[in-house]
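Chemist: Contents of input01.cif (mmCIF, C-alpha atoms and all ligand atoms) are below:
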data_model
loop_
_atom_site.group_PDB
_atom_site.id
_atom_site.type_symbol
_atom_site.label_atom_id
_atom_site.label_comp_id
_atom_site.auth_asym_id
_atom_site.auth_seq_id
_atom_site.Cartn_x
_atom_site.Cartn_y
_atom_site.Cartn_z
ATOM 1 C CA MET A 137 22.190 -8.691 135.307
ATOM 2 C CA SER A 138 21.810 -11.756 137.538
ATOM 3 C CA SER A 139 21.592 -9.567 140.634
ATOM 4 C CA GLU A 140 21.941 -5.834 141.056
ATOM 5 C CA ASP A 141 25.353 -4.612 139.868
ATOM 6 C CA THR A 142 26.793 -8.126 139.748
ATOM 7 C CA PHE A 143 27.690 -9.684 136.411
ATOM 8 C CA THR A 144 27.931 -13.465 136.576
ATOM 9 C CA ILE A 145 29.741 -15.572 134.004
ATOM 10 C CA ALA A 146 29.094 -19.298 134.415
ATOM 11 C CA ILE A 147 31.408 -21.759 132.670
ATOM 12 C CA ASP A 148 30.791 -25.515 132.569
ATOM 13 C CA GLY A 149 32.577 -28.298 130.781
ATOM 14 C CA PRO A 150 34.227 -31.676 131.214
ATOM 15 C CA ALA A 151 37.485 -32.407 133.069
ATOM 16 C CA GLY A 152 40.501 -30.997 131.251
ATOM 17 C CA SER A 153 38.542 -28.679 128.951
ATOM 18 C CA GLY A 154 40.612 -25.767 130.228
ATOM 19 C CA LYS A 155 37.822 -24.205 132.321
ATOM 20 C CA GLY A 156 40.163 -23.586 135.246
ATOM 21 C CA THR A 157 42.814 -21.720 133.282
ATOM 22 C CA ILE A 158 40.273 -19.802 131.212
ATOM 23 C CA ALA A 159 38.048 -18.812 134.153
ATOM 24 C CA LYS A 160 41.041 -17.689 136.226
ATOM 25 C CA GLU A 161 42.507 -15.567 133.432
ATOM 26 C CA LEU A 162 39.125 -14.087 132.605
ATOM 27 C CA SER A 163 38.495 -13.124 136.234
ATOM 28 C CA LYS A 164 41.902 -11.390 136.304
ATOM 29 C CA ILE A 165 41.228 -9.478 133.078
ATOM 30 C CA LEU A 166 37.787 -8.356 134.248
ATOM 31 C CA ASN A 167 38.835 -7.907 137.874
ATOM 32 C CA TYR A 168 35.982 -10.211 138.925
ATOM 33 C CA HIS A 169 35.738 -12.736 141.737
ATOM 34 C CA TYR A 170 36.554 -16.340 140.870
ATOM 35 C CA LEU A 171 34.899 -19.585 141.937
ATOM 36 C CA ASP A 172 36.457 -22.979 141.237
ATOM 37 C CA SER A 173 33.510 -25.133 142.311
ATOM 38 C CA GLY A 174 35.433 -28.352 141.598
ATOM 39 C CA ALA A 175 37.887 -27.347 144.331
ATOM 40 C CA ILE A 176 34.981 -27.422 146.820
ATOM 41 C CA TYR A 177 34.221 -31.061 145.942
ATOM 42 C CA ARG A 178 37.931 -31.844 146.025
ATOM 43 C CA VAL A 179 38.503 -30.299 149.453
ATOM 44 C CA ILE A 180 35.512 -32.188 150.861
ATOM 45 C CA ALA A 181 36.940 -35.376 149.333
ATOM 46 C CA LEU A 182 40.223 -34.659 151.121
ATOM 47 C CA ALA A 183 38.407 -34.098 154.421
ATOM 48 C CA ILE A 184 36.547 -37.412 153.931
ATOM 49 C CA HIS A 185 39.830 -39.144 153.199
ATOM 50 C CA ASN A 186 41.442 -37.604 156.309
ATOM 51 C CA LYS A 187 38.504 -38.664 158.504
ATOM 52 C CA LYS A 188 38.565 -42.139 156.936
ATOM 53 C CA LEU A 189 34.924 -41.942 155.893
ATOM 54 C CA GLU A 190 33.556 -43.874 152.910
ATOM 55 C CA PHE A 191 32.227 -41.996 149.869
ATOM 56 C CA ASN A 192 28.740 -43.489 150.358
ATOM 57 C CA GLN A 193 28.304 -42.378 154.003
ATOM 58 C CA GLU A 194 26.056 -39.590 152.759
ATOM 59 C CA LYS A 195 24.673 -38.316 156.083
ATOM 60 C CA LYS A 196 28.079 -38.307 157.756
ATOM 61 C CA ILE A 197 29.530 -36.367 154.839
ATOM 62 C CA VAL A 198 26.842 -33.681 155.130
ATOM 63 C CA GLU A 199 27.494 -33.565 158.915
ATOM 64 C CA LEU A 200 31.210 -33.214 158.235
ATOM 65 C CA LEU A 201 30.502 -30.008 156.302
ATOM 66 C CA LYS A 202 29.488 -28.332 159.567
ATOM 67 C CA GLU A 203 32.818 -29.236 161.168
ATOM 68 C CA ILE A 204 35.217 -28.109 158.473
ATOM 69 C CA GLU A 205 36.134 -24.686 157.172
ATOM 70 C CA ILE A 206 36.682 -24.293 153.429
ATOM 71 C CA SER A 207 38.187 -21.043 152.235
ATOM 72 C CA PHE A 208 39.860 -19.610 149.158
ATOM 73 C CA GLU A 209 42.403 -16.978 148.304
ATOM 74 C CA PHE A 210 41.972 -16.589 144.569
ATOM 75 C CA ASP A 211 43.173 -19.980 143.242
ATOM 76 C CA LYS A 212 44.504 -21.285 146.567
ATOM 77 C CA THR A 213 42.300 -23.645 148.554
ATOM 78 C CA PHE A 214 42.367 -24.001 152.337
ATOM 79 C CA LEU A 215 40.961 -26.693 154.602
ATOM 80 C CA ASP A 216 40.702 -25.507 158.208
ATOM 81 C CA GLY A 217 43.232 -22.798 157.415
ATOM 82 C CA LYS A 218 45.785 -25.152 155.830
ATOM 83 C CA ASP A 219 46.773 -24.657 152.182
ATOM 84 C CA VAL A 220 45.745 -27.903 150.465
ATOM 85 C CA SER A 221 45.929 -26.623 146.864
ATOM 86 C CA SER A 222 48.349 -29.354 145.732
ATOM 87 C CA GLU A 223 46.918 -32.204 147.810
ATOM 88 C CA ILE A 224 43.440 -31.809 146.304
ATOM 89 C CA ARG A 225 44.849 -32.301 142.778
ATOM 90 C CA GLU A 226 46.140 -35.813 143.510
ATOM 91 C CA GLU A 227 44.560 -38.530 141.386
ATOM 92 C CA SER A 228 43.005 -40.400 144.351
ATOM 93 C CA ILE A 229 41.280 -37.195 145.498
ATOM 94 C CA SER A 230 40.054 -36.460 141.932
ATOM 95 C CA LYS A 231 38.405 -39.862 141.813
ATOM 96 C CA LEU A 232 36.850 -39.486 145.261
ATOM 97 C CA ALA A 233 35.585 -35.969 144.433
ATOM 98 C CA SER A 234 33.792 -37.291 141.355
ATOM 99 C CA LYS A 235 32.144 -39.999 143.486
ATOM 100 C CA ILE A 236 30.951 -37.746 146.316
ATOM 101 C CA ALA A 237 29.688 -35.208 143.769
ATOM 102 C CA GLN A 238 26.837 -37.679 143.153
ATOM 103 C CA ASN A 239 25.486 -37.011 146.667
ATOM 104 C CA GLN A 240 22.327 -34.923 146.265
ATOM 105 C CA GLU A 241 22.163 -33.776 149.911
ATOM 106 C CA LEU A 242 25.754 -32.604 149.736
ATOM 107 C CA ARG A 243 25.087 -30.681 146.516
ATOM 108 C CA LYS A 244 22.067 -28.973 148.067
ATOM 109 C CA SER A 245 24.057 -28.004 151.161
ATOM 110 C CA LEU A 246 26.677 -26.344 148.977
ATOM 111 C CA LEU A 247 24.337 -24.126 146.971
ATOM 112 C CA SER A 248 24.272 -21.067 149.231
ATOM 113 C CA PHE A 249 28.036 -21.242 149.833
ATOM 114 C CA GLN A 250 28.669 -21.212 146.077
ATOM 115 C CA ARG A 251 26.142 -18.431 145.470
ATOM 116 C CA SER A 252 27.815 -16.270 148.118
ATOM 117 C CA PHE A 253 30.711 -15.770 145.656
ATOM 118 C CA ALA A 254 28.491 -13.670 143.372
ATOM 119 C CA LYS A 255 29.578 -10.246 144.541
ATOM 120 C CA LYS A 256 30.261 -6.897 142.914
ATOM 121 C CA PRO A 257 31.602 -6.186 140.393
ATOM 122 C CA GLY A 258 31.175 -9.724 139.083
ATOM 123 C CA LEU A 259 31.994 -13.397 139.235
ATOM 124 C CA VAL A 260 33.505 -16.005 136.949
ATOM 125 C CA ALA A 261 32.344 -19.420 138.204
ATOM 126 C CA GLU A 262 33.434 -22.710 136.693
ATOM 127 C CA GLY A 263 32.377 -26.314 137.174
ATOM 128 C CA ARG A 264 29.768 -28.794 135.974
ATOM 129 C CA ASP A 265 26.474 -27.227 137.071
ATOM 130 C CA MET A 266 27.242 -23.508 137.184
ATOM 131 C CA THR A 267 25.078 -22.719 134.132
ATOM 132 C CA THR A 268 22.253 -25.077 135.061
ATOM 133 C CA VAL A 269 21.823 -25.310 138.836
ATOM 134 C CA VAL A 270 23.985 -22.901 140.796
ATOM 135 C CA PHE A 271 23.645 -19.794 138.611
ATOM 136 C CA PRO A 272 20.707 -20.495 136.271
ATOM 137 C CA GLY A 273 20.231 -16.729 135.857
ATOM 138 C CA ALA A 274 23.877 -16.056 134.922
ATOM 139 C CA ASP A 275 24.439 -13.151 132.527
ATOM 140 C CA LEU A 276 26.699 -15.217 130.284
ATOM 141 C CA LYS A 277 26.806 -19.002 130.048
ATOM 142 C CA ILE A 278 29.641 -20.891 128.379
ATOM 143 C CA TYR A 279 30.058 -24.622 127.764
ATOM 144 C CA LEU A 280 33.742 -25.219 127.187
ATOM 145 C CA ASP A 281 34.548 -28.462 125.438
ATOM 146 C CA ALA A 282 37.501 -30.321 123.919
ATOM 147 C CA SER A 283 37.955 -33.864 122.644
ATOM 148 C CA VAL A 284 38.977 -36.623 125.093
ATOM 149 C CA GLU A 285 42.254 -37.008 123.176
ATOM 150 C CA GLU A 286 43.116 -33.314 123.457
ATOM 151 C CA ARG A 287 42.189 -33.234 127.157
ATOM 152 C CA SER A 288 44.291 -36.350 127.852
ATOM 153 C CA LYS A 289 47.282 -34.780 126.067
ATOM 154 C CA ARG A 290 46.977 -31.635 128.225
ATOM 155 C CA ARG A 291 46.748 -33.690 131.417
ATOM 156 C CA HIS A 292 49.717 -35.787 130.285
ATOM 157 C CA LYS A 293 51.792 -32.645 129.771
ATOM 158 C CA GLN A 294 50.861 -31.337 133.244
ATOM 159 C CA LEU A 295 51.784 -34.634 134.894
ATOM 160 C CA ILE A 296 55.094 -34.878 133.023
ATOM 161 C CA LEU A 297 55.952 -31.356 134.216
ATOM 162 C CA LYS A 298 55.264 -32.538 137.775
ATOM 163 C CA GLY A 299 57.621 -35.470 137.213
ATOM 164 C CA ASN A 300 54.922 -38.164 136.913
ATOM 165 C CA ASN A 301 55.403 -40.365 133.909
ATOM 166 C CA VAL A 302 51.966 -41.776 133.137
ATOM 167 C CA ASN A 303 50.670 -43.720 130.200
ATOM 168 C CA ILE A 304 48.520 -41.543 127.930
ATOM 169 C CA ALA A 305 46.220 -44.452 127.064
ATOM 170 C CA ASN A 306 45.410 -44.835 130.788
ATOM 171 C CA LEU A 307 44.622 -41.127 130.965
ATOM 172 C CA VAL A 308 42.193 -41.396 128.047
ATOM 173 C CA THR A 309 40.388 -44.207 129.896
ATOM 174 C CA GLU A 310 40.346 -42.278 133.201
ATOM 175 C CA ILE A 311 39.085 -39.045 131.659
ATOM 176 C CA ALA A 312 36.414 -40.896 129.692
ATOM 177 C CA LEU A 313 35.293 -42.590 132.915
ATOM 178 C CA ARG A 314 35.103 -39.266 134.771
ATOM 179 C CA ASP A 315 33.068 -37.786 131.879
ATOM 180 C CA LYS A 316 30.687 -40.712 132.097
ATOM 181 C CA GLN A 317 30.269 -40.267 135.867
ATOM 182 C CA ASP A 318 29.699 -36.516 135.508
ATOM 183 C CA LYS A 319 27.310 -36.774 132.552
ATOM 184 C CA GLU A 320 25.268 -39.759 133.659
ATOM 185 C CA ARG A 321 24.765 -39.029 137.334
ATOM 186 C CA VAL A 322 21.189 -38.505 138.499
ATOM 187 C CA HIS A 323 21.721 -35.188 140.300
ATOM 188 C CA SER A 324 23.099 -32.095 138.543
ATOM 189 C CA PRO A 325 24.697 -34.004 135.654
ATOM 190 C CA LEU A 326 27.004 -32.186 133.277
ATOM 191 C CA VAL A 327 24.643 -31.076 130.497
ATOM 192 C CA ILE A 328 24.714 -28.252 127.988
ATOM 193 C CA ASP A 329 22.326 -25.509 129.104
ATOM 194 C CA ASP A 330 20.001 -24.174 126.395
ATOM 195 C CA GLU A 331 21.394 -20.674 126.892
ATOM 196 C CA ALA A 332 25.056 -21.735 126.856
ATOM 197 C CA HIS A 333 27.462 -20.708 124.102
ATOM 198 C CA ILE A 334 29.442 -23.808 123.173
ATOM 199 C CA ILE A 335 33.150 -23.257 122.620
ATOM 200 C CA ASN A 336 35.246 -26.208 121.508
ATOM 201 C CA ASN A 337 38.835 -25.248 122.171
ATOM 202 C CA ASP A 338 40.623 -28.124 120.409
ATOM 203 C CA GLY A 339 43.604 -26.425 118.798
ATOM 204 C CA LEU A 340 42.796 -23.018 120.328
ATOM 205 C CA SER A 341 45.229 -21.234 122.630
ATOM 206 C CA VAL A 342 44.142 -19.855 126.019
ATOM 207 C CA GLU A 343 44.260 -16.360 124.559
ATOM 208 C CA GLU A 344 42.123 -17.306 121.558
ATOM 209 C CA THR A 345 39.535 -18.946 123.813
ATOM 210 C CA ILE A 346 39.427 -15.913 126.120
ATOM 211 C CA ASN A 347 39.035 -13.586 123.156
ATOM 212 C CA LYS A 348 35.992 -15.569 122.034
ATOM 213 C CA ILE A 349 34.439 -15.121 125.484
ATOM 214 C CA LEU A 350 35.325 -11.421 125.648
ATOM 215 C CA ALA A 351 33.667 -10.956 122.253
ATOM 216 C CA LEU A 352 30.495 -12.505 123.670
ATOM 217 C CA ILE A 353 30.567 -10.130 126.658
ATOM 218 C CA ASN A 354 30.959 -7.136 124.389
HETATM 219 O O1 LIG A 401 36.582 -29.484 137.965
HETATM 220 P P1 LIG A 401 37.288 -30.519 138.779
HETATM 221 O O2 LIG A 401 37.869 -31.628 137.973
HETATM 222 O O3 LIG A 401 38.258 -29.936 139.741
HETATM 223 O O4 LIG A 401 36.136 -31.172 139.690
HETATM 224 C C1 LIG A 401 36.366 -32.302 140.490
HETATM 225 C C2 LIG A 401 35.093 -33.154 140.509
HETATM 226 O O5 LIG A 401 34.051 -32.428 141.191
HETATM 227 C C3 LIG A 401 34.544 -33.466 139.124
HETATM 228 O O6 LIG A 401 34.942 -34.725 138.646
HETATM 229 C C4 LIG A 401 33.055 -33.423 139.295
HETATM 230 O O7 LIG A 401 32.548 -34.698 139.509
HETATM 231 C C5 LIG A 401 32.804 -32.629 140.557
HETATM 232 N N1 LIG A 401 32.175 -31.345 140.294
HETATM 233 C C6 LIG A 401 30.809 -31.282 140.291
HETATM 234 N N2 LIG A 401 30.183 -30.097 140.136
HETATM 235 C C7 LIG A 401 30.871 -28.974 139.950
HETATM 236 C C8 LIG A 401 32.296 -29.005 139.922
HETATM 237 C C9 LIG A 401 32.914 -30.223 140.079
HETATM 238 O O8 LIG A 401 30.151 -32.287 140.441
HETATM 239 N N3 LIG A 401 30.221 -27.824 139.811
#
Take the structure in the file and write it out as structure tokens.
Modeler:
Amino acid sequence: MSSEDTFTIAIDGPAGSGKGTIAKELSKILNYHYLDSGAIYRVIALAIHNKKLEFNQEKKIVELLKEIEISFEFDKTFLDGKDVSSEIREESISKLASKIAQNQELRKSLLSFQRSFAKKPGLVAEGRDMTTVVFPGADLKIYLDASVEERSKRRHKQLILKGNNVNIANLVTEIALRDKQDKERVHSPLVIDDEAHIINNDGLSVEETINKILALIN
């Protein structure tokens, strides 16, 4: 066990690999706590946007962390008590989140906050550096992957449902760019941990993917 009586499942993977859906469902099934670490970067990006700061004002961004309150209620995200769950999913905020995630000082400042989610009976944490940096001693590590084409199709479907008609070719380019930023950044890049079980879920349903993970737990 990663810490006494707490079972930690760390899931990493690229944007659109289904980590969010899978981690949420898994935490419900197991009755574990849930951490969407990407939402932390997104909510900080929103705060930066609101304060009209630039993504490269590193010191000011770290200072800003002391002024804002980030909280969660399962999959709902709050900034200073306001529900910002939809706002943080907007494309401009996604792009900004990926940029500020390159800030090493910011990442360091967020470590203890993220680790505080590891509580009894257990935690399902998802992001880019859960298996490698935040919970290197996790009890189970998963790297969830899917092809860029499959991930773009899923994103396209989500956007269509929201009433946004976007070009799928543009999505492929955007997702590939975000992968590049996440994989090639100097600090905490998205890499496959040696201990991680790789699951490629191209063509797999949510249920099938979850069953694979449950089999690993058992
Ligand atoms: O997972 P999601 O797409 O919501 O994450 C938003 C951005 O936050 C990602 O593009 C990534 O750059 C960053 N991120 C990160 N480390 C994490 C989770 C997310 O750098 N653990």
Chemist: Choose the residue, out of A:Glu241, A:Asp265, A:Glu344, A:Glu320, that has the smallest atom-to-atom separation from Lys277 in chain A; count only C-alpha atoms.
Modeler: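 For Lys277 in chain A, the nearest of the candidates is A:Asp265.
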Chemist: Would you work out the distance separating CA of Val284 in chain A from CA of Ile311 in chain A, expressed in Å to one decimal?
Modeler: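 CA of Ile311 in chain A lies 7.0 Å from CA of Val284 in chain A.
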Chemist: When distances are computed from all atoms listed in the file, which of A:Glu331, A:Glu190, A:Glu199, A:Asp315 shows the smallest separation from ligand LIG 401 (chain A)?
Modeler: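 Ranking A:Glu331, A:Glu190, A:Glu199, A:Asp315 by distance to ligand LIG 401 (chain A), first place goes to A:Asp315.
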Chemist: For this file, the PyMOL selection byres (((not hetatm)) within 9 of (chain A and resi 401)) selects which residues, as an MDAnalysis selection string?
Modeler: chainID A and resid 148:152 155:156 172:178 224:225 229:238 243 261:266 269:270 314:315 317:319 323:326
Chemist: Identify all residues satisfying the PyMOL selection byres (((chain A and resi 252) around 12) and not hetatm) in the given file; provide them as a list in words.
Modeler: Ser139, Thr142, Thr144, His169, Tyr170, Leu171, Leu246, Leu247, Ser248, Phe249, Gln250, Arg251, Phe253, Ala254, Lys255, Lys256, Gly258, Leu259, Ala261, Val270 and Phe271 of chain A
Chemist: For a quick check of understanding, using all atoms listed in the file, which of A:Ile206, A:Ala274, A:Ile184, A:Ala282 has the smallest distance to Thr345 in chain A?
Modeler: A:Ala282
Chemist: Could you expand the PyMOL selection byres (((chain A and resi 353) around 12) and not hetatm) into the explicit residues it covers here, written as a PyMOL selection string?
Modeler: chain A and resi 143-145+162+166+275-278+333+346-352+354
Chemist: Would you output that residue set with C-alpha atoms, as an mmCIF file, in the coordinates of the input?
Modeler:
data_model
loop_
_atom_site.group_PDB
_atom_site.id
_atom_site.type_symbol
_atom_site.label_atom_id
_atom_site.label_comp_id
_atom_site.auth_asym_id
_atom_site.auth_seq_id
_atom_site.Cartn_x
_atom_site.Cartn_y
_atom_site.Cartn_z
ATOM 1 C CA PHE A 143 27.690 -9.684 136.411
ATOM 2 C CA THR A 144 27.931 -13.465 136.576
ATOM 3 C CA ILE A 145 29.741 -15.572 134.004
ATOM 4 C CA LEU A 162 39.125 -14.087 132.605
ATOM 5 C CA LEU A 166 37.787 -8.356 134.248
ATOM 6 C CA ASP A 275 24.439 -13.151 132.527
ATOM 7 C CA LEU A 276 26.699 -15.217 130.284
ATOM 8 C CA LYS A 277 26.806 -19.002 130.048
ATOM 9 C CA ILE A 278 29.641 -20.891 128.379
ATOM 10 C CA HIS A 333 27.462 -20.708 124.102
ATOM 11 C CA ILE A 346 39.427 -15.913 126.120
ATOM 12 C CA ASN A 347 39.035 -13.586 123.156
ATOM 13 C CA LYS A 348 35.992 -15.569 122.034
ATOM 14 C CA ILE A 349 34.439 -15.121 125.484
ATOM 15 C CA LEU A 350 35.325 -11.421 125.648
ATOM 16 C CA ALA A 351 33.667 -10.956 122.253
ATOM 17 C CA LEU A 352 30.495 -12.505 123.670
ATOM 18 C CA ASN A 354 30.959 -7.136 124.389
#
Chemist: For CA of Thr213 in chain A and CA of Val198 in chain A, determine how far apart the two atoms are, in Å to one decimal place.
Modeler: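 Rounded to one decimal, the two atoms are 19.6 Å apart.
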Chemist: As an exercise, work out the distance from CA of Leu189 in chain A to CA of Glu203 in chain A in Å and give it to one decimal place.
Modeler: 13.9 Å
Chemist: Looking at A:Asp338, A:Glu223, A:Asp216, A:Glu194, which one is nearest to Glu286 in chain A, with distances taken over all atoms listed in the file?
Modeler: A:Asp338
Chemist: Restricting the calculation to all atoms listed in the file: of A:Glu226, A:Asp219, A:Glu310, A:Glu161, which residue gets closest to Val342 in chain A?
Modeler: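 Among A:Glu226, A:Asp219, A:Glu310, A:Glu161, it is A:Glu161 that comes nearest to Val342 in chain A.
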Chemist: Restricting the calculation to all atoms listed in the file: of A:Ala181, A:Ala159, A:Ser153, A:Ser222, which residue gets closest to Lys298 in chain A?
Modeler: A:Ser222
Chemist: With 3 Å on each side, where is the centre of the axis-aligned box around all listed atoms of range 310-322 of chain A, and how long are its edges in Å to one decimal, as JSON?
Modeler:
{"center_x": 30.8, "center_y": -39.6, "center_z": 134.1, "size_x": 25.2, "size_y": 12.1, "size_z": 14.8}
